[in-house]
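Notes for the one structure printed next.
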Amino acid sequence: MRTLPGASRVVAAGLIAAALILVPATAALACGGLVAPNGTVNLVRTTTLAAYHRGIEHYVTSFTFTGKAAGEVGSIVPLPGVPTKVVKGGDWTLQRLVLETQPQPVADVSFFAAGAALSSARVLMTAEIDALDITVLEGGGTAVGNWARENGFFLPPDAPEMLDFYAERSPIFMAAKFNIERAADQGVQEGQGTPIHVVIPTPDPWVPLRILGLGLEASQVIQADVYLLTDRRPATLPQAVRSNGDPDQRGLIQEVSEEASSTLLRDLRSDRGMRWLPEDDMWLTYVRVNEEAGELTNDLAVDASGFGQPDPVAAGFQAPLVAIGPDLLPVAWLSILAFSLVLFIGAIARRRQVA
Amino acid sequence: MNTTRLRASVPVALLLLVGGGAVWGGVLDTGVRTVEVLLRYSHFEPDVITVEPGETVRFVVHNGDPIDHEFIIGDAAVQRAHERGTESFHAPRPGEMTVPAGATRETTYTFPPAPATLILGCHLPSHYAYGMRAAITVG
């Protein structure tokens with residue numbers, strides 16, 4: 001198999017809005033969205049909650065077990081910071097959010113989630129959540145790509161550039177893969193989702209969107225649901241456009257922006273691991289992603305501070321300032337010392353002139 | 001290092017310097033030109049290469065990506081055959097090889113005596129469609 005399947009419309013997935021779907025090297029197949037070894041693209045829709053409260057970002061998403069192929073499909077998700085914990089998510093959090101904002105029956109919705117540089121990736125954390133193996137990595141794009149390849153993943157041709165795009169802003173990634181034996185032991189059924197809750201302290205929350213286009217042709221359409229729960233009404237970059245009621249409207253469409261209802265918050269708080277959520281005073285935003293992969297070239301930066309200034313670096317519009325590495329620190333200090341010396345000598349000379 | 005060994009090493013160093021210069025200058029003493037190609041972000045750099053009809057070129061190919069790539073020289077028919085092919089790995093042979101992630105490989109290829117336009121391509125799944133191809137102008 002040497003060509004991409006001609007799927008014209010891909011309902012992508014996403015977690016934290018972004019899952020990089022990978023198949024093992026042994027499959028040697030094209031990748032795109034969630035790709036099975038026979039090259040077919042699974043049509044799945046992603047639902048993600050990115051909640052931000054008191055400087056902590058809570059990502060909740062769900063990885064869907066795809067049956068026999070599940071052991072050969074994995075995901076890598078870029079994260080905005082180092083998580084303090086990765087645990088099993090609540091059982092109905094995502095479903096409840098969909099009920100709040102979308103009128104269609106729950107049965108019609110597939111909850112899925114596909115799912116600087118260090119010379120080699122460093123494993124920061126591992127976790128087993130039901131049949132999922134989770135690994136949190138720190139490293140540059142090449143290092144993380146090497147780790148993925150060495151651990152049996154196959155990356156599509158746009159992965160190297162995509163991984164660098166994310167690693168320049170945050171060298172933290174989360175890899176997720178179903179363990180087929182544990183899935184069988186636990187009786188995990190095909191299509192069954194495993195919710196994941198990632199807790200990430202970060203000053204600049206963002207939701208990775210561009211990675212949803214990994215392995216896709218530019219004309220393929222990405223669809224995902226992104227929910228934001230924030231202390232205040234957030235500003236986002238890019239700014240989501242208002243919905244015109246057309247289900248085929250392209251772009252990032254703001255379907256809901258309102259104060260979260262007390263019933264919603266109460267329901268969410270009653271789910272596993274959701275007690276951190278305040279009982280009131282939270283703002284609910286629902287952004288529907290319906291965009292061609294070639295146009296979805298940035299992420300969704302969120303400013304929940306109330307100042308209305310989402311970070312263009314977090315959105316991927318600007319490259320981050322390059323930090324001085326340890327190799328250049330002596331040079332930097334010498335330069336500062338030399339500059340200070342020049343200023344000092346100049347000041348003495350001027351004082352003598354005045355005197 | 002004693003004086004004798006130092007004296008002996010000077011000509012060797014000069015020889016290496018001259019030899020190295022010849023390589024980096026692009027032409028070996030044998031008359032074979034060396035062209036270095038970088039594979040990065042699933043693209044060939046440079047993406048246009050010009051050679052003389054009948055010229056023998058030594059390609060030194062460095063893969064800067066964390067994924068494997070191929071280096072296949074041929075006309076459109078050759079590229080089509082490889083695109084439909086099932087080989088996941090190419091043993092090195094003139095003008096065709098797999099370059100593993102992060103590795104450097106080389107191949108020496110003699111171009112046809114008549115002017116032609118050839119293609120340099122990678123046919124790992126979806127790489128060619130992604131745009132991993134370069135033009136080789138013979139003539």
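The way I read the labels, and the way they are meant: chains A, B, ... in the order of the structure tokens, residue 1 as the first residue of every chain, and ligand 1 as the first ligand shown, with later ones counted on from there.
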Quiz prompt | Exercise: Asp164 of chain A partners within 10 Å, only C-alpha atoms, chain neighbours under 6 positions left out, as a count of residues only | solution = 12
Practice problem: Select residues of chain B: the criterion is any atom within 10 Å of an atom of chain A, counting only C-alpha atoms; output as a list of chain:residue names. | Solution: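 Output check: B:Arg40, B:Tyr41, B:Ser42, B:His43, B:Gly64, B:Asp65, B:Pro66, B:Ile67, B:Asp68, B:His69, B:His82, B:Glu83, B:Arg84, B:Gly85, B:Thr86, B:Glu87, B:Ser88, B:Ala101, B:Gly102, B:His123, B:Leu124, B:Pro125, B:Ser126, B:His127, B:Tyr128, B:Ala129, B:Tyr130, B:Gly131, B:Met132.
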Practice problem: In Å, rounded to a single decimal, give me how far atom CA of Gly74 of chain A is from atom CA of Glu190 of chain A. | Solution: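 Atom-to-atom, atom CA of Glu190 of chain A and atom CA of Gly74 of chain A are spaced 15.1 Å apart.
Of note, atom CA of Val287 of chain A and atom CA of Ala235 of chain A are spaced 12.1 Å apart.
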Quiz item: Nearest to Tyr109 of chain B among B:Ile49, B:Val32, B:Leu38, B:Ala76, with distances taken over only C-alpha atoms: which residue is it?
Solution: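 Looking at the shortest contact to Tyr109 of chain B, the residue is B:Val32.
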Self-check item: Of the listed residues B:Pro46, B:Phe71, B:Gly139, B:Pro92, that which approaches Pro112 of chain B most closely, counting only C-alpha atoms
Solution: B:Gly139
Practice problem: Would you work out the distance separating atom CA of Leu237 of chain A from atom CA of Glu258 of chain A, expressed in Å to one decimal? | Solution: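 Rounded to one decimal, the two atoms are 18.2 Å apart.
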DSSP-assigned helix (DSSP H, G or I) members of segment 59-305 of chain A, reported as an mmCIF file with C-alpha atoms, in the first residue's frame:
data_model
loop_
_atom_site.group_PDB
_atom_site.id
_atom_site.type_symbol
_atom_site.label_atom_id
_atom_site.label_comp_id
_atom_site.auth_asym_id
_atom_site.auth_seq_id
_atom_site.Cartn_x
_atom_site.Cartn_y
_atom_site.Cartn_z
ATOM 1 C CA GLY A 67 -10.905 -3.582 18.054
ATOM 2 C CA LYS A 68 -8.309 -5.817 16.474
ATOM 3 C CA ALA A 69 -6.405 -2.907 15.044
ATOM 4 C CA ALA A 70 -6.278 -1.083 18.330
ATOM 5 C CA GLY A 71 -2.961 -2.565 19.342
ATOM 6 C CA GLU A 72 -1.509 -1.187 16.169
ATOM 7 C CA THR A 93 -18.156 14.438 31.549
ATOM 8 C CA LEU A 94 -17.803 14.682 27.772
ATOM 9 C CA GLN A 95 -21.226 13.248 27.116
ATOM 10 C CA ARG A 96 -22.791 15.722 29.545
ATOM 11 C CA LEU A 97 -21.102 18.636 27.776
ATOM 12 C CA VAL A 98 -22.444 17.462 24.451
ATOM 13 C CA LEU A 99 -25.920 17.177 25.928
ATOM 14 C CA GLU A 100 -25.618 20.732 27.191
ATOM 15 C CA THR A 101 -24.750 22.203 23.829
ATOM 16 C CA VAL A 106 -26.317 10.910 22.656
ATOM 17 C CA ALA A 107 -26.418 7.643 20.743
ATOM 18 C CA ASP A 108 -25.523 9.496 17.564
ATOM 19 C CA GLY A 141 10.581 17.029 17.747
ATOM 20 C CA THR A 142 13.291 14.729 16.436
ATOM 21 C CA ALA A 143 13.828 13.134 19.855
ATOM 22 C CA VAL A 144 10.126 12.445 20.341
ATOM 23 C CA GLY A 145 9.883 11.162 16.773
ATOM 24 C CA ASN A 146 12.788 8.823 17.421
ATOM 25 C CA TRP A 147 11.156 7.613 20.637
ATOM 26 C CA ALA A 148 7.903 6.940 18.798
ATOM 27 C CA ARG A 149 9.666 5.042 16.026
ATOM 28 C CA GLU A 150 11.724 3.007 18.470
ATOM 29 C CA ALA A 159 5.177 14.309 11.390
ATOM 30 C CA PRO A 160 8.790 15.613 11.575
ATOM 31 C CA GLU A 161 7.790 19.198 10.784
ATOM 32 C CA MET A 162 4.662 18.952 12.948
ATOM 33 C CA LEU A 163 6.578 17.641 15.970
ATOM 34 C CA ASP A 164 9.103 20.465 15.654
ATOM 35 C CA PHE A 165 6.256 22.984 15.404
ATOM 36 C CA TYR A 166 4.993 21.866 18.811
ATOM 37 C CA ALA A 167 8.326 21.161 20.470
ATOM 38 C CA ILE A 180 -4.415 -5.401 23.171
ATOM 39 C CA GLU A 181 -3.970 -8.150 25.799
ATOM 40 C CA ARG A 182 -5.254 -6.033 28.669
ATOM 41 C CA ALA A 183 -8.118 -4.885 26.485
ATOM 42 C CA ALA A 184 -9.083 -8.527 25.921
ATOM 43 C CA ASP A 185 -8.711 -9.361 29.624
ATOM 44 C CA ARG A 210 -3.145 21.737 13.949
ATOM 45 C CA ILE A 211 -2.070 18.242 14.859
ATOM 46 C CA LEU A 212 -5.541 16.990 13.993
ATOM 47 C CA GLY A 213 -4.447 17.341 10.380
ATOM 48 C CA SER A 262 -25.535 25.323 37.819
ATOM 49 C CA THR A 263 -27.060 22.039 36.716
ATOM 50 C CA LEU A 264 -24.222 21.429 34.286
ATOM 51 C CA LEU A 265 -21.584 22.192 36.899
ATOM 52 C CA ARG A 266 -23.354 20.053 39.471
ATOM 53 C CA ASP A 267 -23.533 17.128 37.039
ATOM 54 C CA LEU A 268 -19.900 17.494 36.039
ATOM 55 C CA ARG A 269 -18.752 17.755 39.653
#
Please identify all polymer residues within 10 Å of segment 51-60 of chain B, counting only C-alpha atoms, omitting same-chain residues fewer than 2 positions from it, and present them as an mmCIF file with N, CA and C atoms, in the first residue's frame.
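So the final result, stored in out_39.cif, reads:
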data_model
loop_
_atom_site.group_PDB
_atom_site.id
_atom_site.type_symbol
_atom_site.label_atom_id
_atom_site.label_comp_id
_atom_site.auth_asym_id
_atom_site.auth_seq_id
_atom_site.Cartn_x
_atom_site.Cartn_y
_atom_site.Cartn_z
ATOM 1 N N GLY B 26 33.497 18.923 -4.133
ATOM 2 C CA GLY B 26 32.467 18.356 -4.981
ATOM 3 C C GLY B 26 32.983 17.373 -6.014
ATOM 4 N N VAL B 27 34.298 17.291 -6.221
ATOM 5 C CA VAL B 27 34.795 16.377 -7.251
ATOM 6 C C VAL B 27 35.941 15.543 -6.688
ATOM 7 N N LEU B 28 35.829 14.248 -6.796
ATOM 8 C CA LEU B 28 36.916 13.370 -6.378
ATOM 9 C C LEU B 28 38.013 13.380 -7.433
ATOM 10 N N GLY B 31 37.284 12.044 -10.735
ATOM 11 C CA GLY B 31 36.386 12.763 -11.626
ATOM 12 C C GLY B 31 34.931 12.581 -11.271
ATOM 13 N N VAL B 32 34.684 11.815 -10.217
ATOM 14 C CA VAL B 32 33.287 11.612 -9.800
ATOM 15 C C VAL B 32 32.881 12.757 -8.890
ATOM 16 N N ARG B 33 31.823 13.442 -9.268
ATOM 17 C CA ARG B 33 31.349 14.568 -8.466
ATOM 18 C C ARG B 33 30.506 14.061 -7.296
ATOM 19 N N THR B 34 30.690 14.709 -6.164
ATOM 20 C CA THR B 34 29.878 14.357 -4.995
ATOM 21 C C THR B 34 28.794 15.403 -4.798
ATOM 22 N N VAL B 35 27.583 14.934 -4.674
ATOM 23 C CA VAL B 35 26.457 15.823 -4.388
ATOM 24 C C VAL B 35 25.861 15.403 -3.048
ATOM 25 N N GLU B 36 25.802 16.339 -2.115
ATOM 26 C CA GLU B 36 25.214 16.042 -0.812
ATOM 27 C C GLU B 36 23.744 16.430 -0.825
ATOM 28 N N VAL B 37 22.936 15.539 -0.305
ATOM 29 C CA VAL B 37 21.480 15.760 -0.273
ATOM 30 C C VAL B 37 21.011 15.587 1.167
ATOM 31 N N LEU B 38 20.222 16.541 1.616
ATOM 32 C CA LEU B 38 19.647 16.471 2.962
ATOM 33 C C LEU B 38 18.170 16.109 2.849
ATOM 34 N N ILE B 49 18.464 19.261 -9.149
ATOM 35 C CA ILE B 49 19.866 18.862 -9.333
ATOM 36 C C ILE B 49 20.135 18.783 -10.836
ATOM 37 N N HIS B 62 21.967 12.483 3.695
ATOM 38 C CA HIS B 62 21.775 12.492 5.165
ATOM 39 C C HIS B 62 20.300 12.673 5.475
ATOM 40 N N PHE B 71 15.534 6.953 -1.392
ATOM 41 C CA PHE B 71 16.225 7.798 -2.361
ATOM 42 C C PHE B 71 16.211 7.009 -3.662
ATOM 43 N N PRO B 94 22.735 1.016 -7.200
ATOM 44 C CA PRO B 94 22.911 2.320 -7.830
ATOM 45 C C PRO B 94 21.595 3.071 -8.023
ATOM 46 N N GLY B 95 21.512 4.210 -7.390
ATOM 47 C CA GLY B 95 20.345 5.061 -7.569
ATOM 48 C C GLY B 95 19.131 4.685 -6.758
ATOM 49 N N THR B 104 23.214 8.406 7.431
ATOM 50 C CA THR B 104 23.785 8.900 6.176
ATOM 51 C C THR B 104 24.147 7.700 5.309
ATOM 52 N N ARG B 105 23.707 7.719 4.092
ATOM 53 C CA ARG B 105 24.008 6.639 3.153
ATOM 54 C C ARG B 105 24.480 7.272 1.849
ATOM 55 N N GLU B 106 25.188 6.481 1.053
ATOM 56 C CA GLU B 106 25.612 7.023 -0.229
ATOM 57 C C GLU B 106 25.416 6.015 -1.334
ATOM 58 N N THR B 107 25.239 6.542 -2.523
ATOM 59 C CA THR B 107 25.074 5.709 -3.710
ATOM 60 C C THR B 107 25.718 6.436 -4.887
ATOM 61 N N THR B 108 26.306 5.668 -5.774
ATOM 62 C CA THR B 108 26.931 6.262 -6.956
ATOM 63 C C THR B 108 26.131 5.832 -8.187
ATOM 64 N N TYR B 109 25.804 6.813 -9.013
ATOM 65 C CA TYR B 109 24.894 6.557 -10.121
ATOM 66 C C TYR B 109 25.434 7.219 -11.393
ATOM 67 N N THR B 110 25.394 6.451 -12.464
ATOM 68 C CA THR B 110 25.801 6.995 -13.758
ATOM 69 C C THR B 110 24.554 7.340 -14.576
ATOM 70 N N PHE B 111 24.445 8.580 -14.967
ATOM 71 C CA PHE B 111 23.249 9.055 -15.671
ATOM 72 C C PHE B 111 23.327 8.698 -17.153
ATOM 73 N N PRO B 112 22.180 8.630 -17.808
ATOM 74 C CA PRO B 112 22.155 8.256 -19.235
ATOM 75 C C PRO B 112 22.919 9.274 -20.083
ATOM 76 N N PRO B 113 23.426 8.830 -21.235
ATOM 77 C CA PRO B 113 24.255 9.714 -22.073
ATOM 78 C C PRO B 113 23.466 10.806 -22.786
ATOM 79 N N ALA B 114 22.166 10.630 -22.853
ATOM 80 C CA ALA B 114 21.352 11.628 -23.570
ATOM 81 C C ALA B 114 20.636 12.548 -22.571
ATOM 82 N N PRO B 115 20.376 13.776 -22.977
ATOM 83 C CA PRO B 115 19.630 14.686 -22.090
ATOM 84 C C PRO B 115 18.281 14.091 -21.707
ATOM 85 N N ALA B 116 17.931 14.291 -20.470
ATOM 86 C CA ALA B 116 16.663 13.735 -19.978
ATOM 87 C C ALA B 116 16.261 14.476 -18.713
ATOM 88 N N ILE B 136 15.760 16.049 -11.436
ATOM 89 C CA ILE B 136 17.155 15.906 -11.876
ATOM 90 C C ILE B 136 17.184 16.169 -13.381
ATOM 91 N N THR B 137 17.888 17.221 -13.747
ATOM 92 C CA THR B 137 17.998 17.579 -15.157
ATOM 93 C C THR B 137 19.319 17.033 -15.696
ATOM 94 N N VAL B 138 19.207 16.181 -16.686
ATOM 95 C CA VAL B 138 20.408 15.631 -17.341
ATOM 96 C C VAL B 138 20.605 16.398 -18.634
ATOM 97 N N GLY B 139 21.681 17.188 -18.692
ATOM 98 C CA GLY B 139 21.906 17.920 -19.925
ATOM 99 C C GLY B 139 22.164 19.383 -19.698
#
Practice problem: Please identify all polymer residues within 7 Å of Thr202 of chain A, counting only C-alpha atoms, omitting same-chain residues fewer than 5 positions from it, and present them as a PyMOL selection string. | Solution: chain A and resi 55-57+80-81
Using C-alpha atoms, can you write the selected residues to a file as a compact mmCIF listing (two decimals), in the first residue's frame?
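Everything below was put into result.txt:
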# COMPACT_ATOMS: atom_id res chain seq x y z
CA GLY A 55 -3.71 28.22 36.85
CA ILE A 56 -4.41 24.55 36.26
CA GLU A 57 -5.48 23.17 32.94
CA PRO A 80 1.26 22.87 27.06
CA GLY A 81 3.19 21.81 30.14
Practice problem: Would you mind telling me which residue in B:Asp47, B:Gly74, B:Ala103, B:Ala81 lies nearest to Val61 of chain B when using only C-alpha atoms? | Solution: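 Of B:Asp47, B:Gly74, B:Ala103, B:Ala81, the one nearest Val61 of chain B, counting only C-alpha atoms, is B:Ala103.
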Exercise. Could you give me the residues within segment 81-300 of chain A that DSSP places in strand (DSSP E or B), as a ChimeraX atom specification?
Key: /A:85-88,112,122-129,132-138,154,172-178,193-201,206-207,221-230,235-237,241-242,251-259,283-292,300
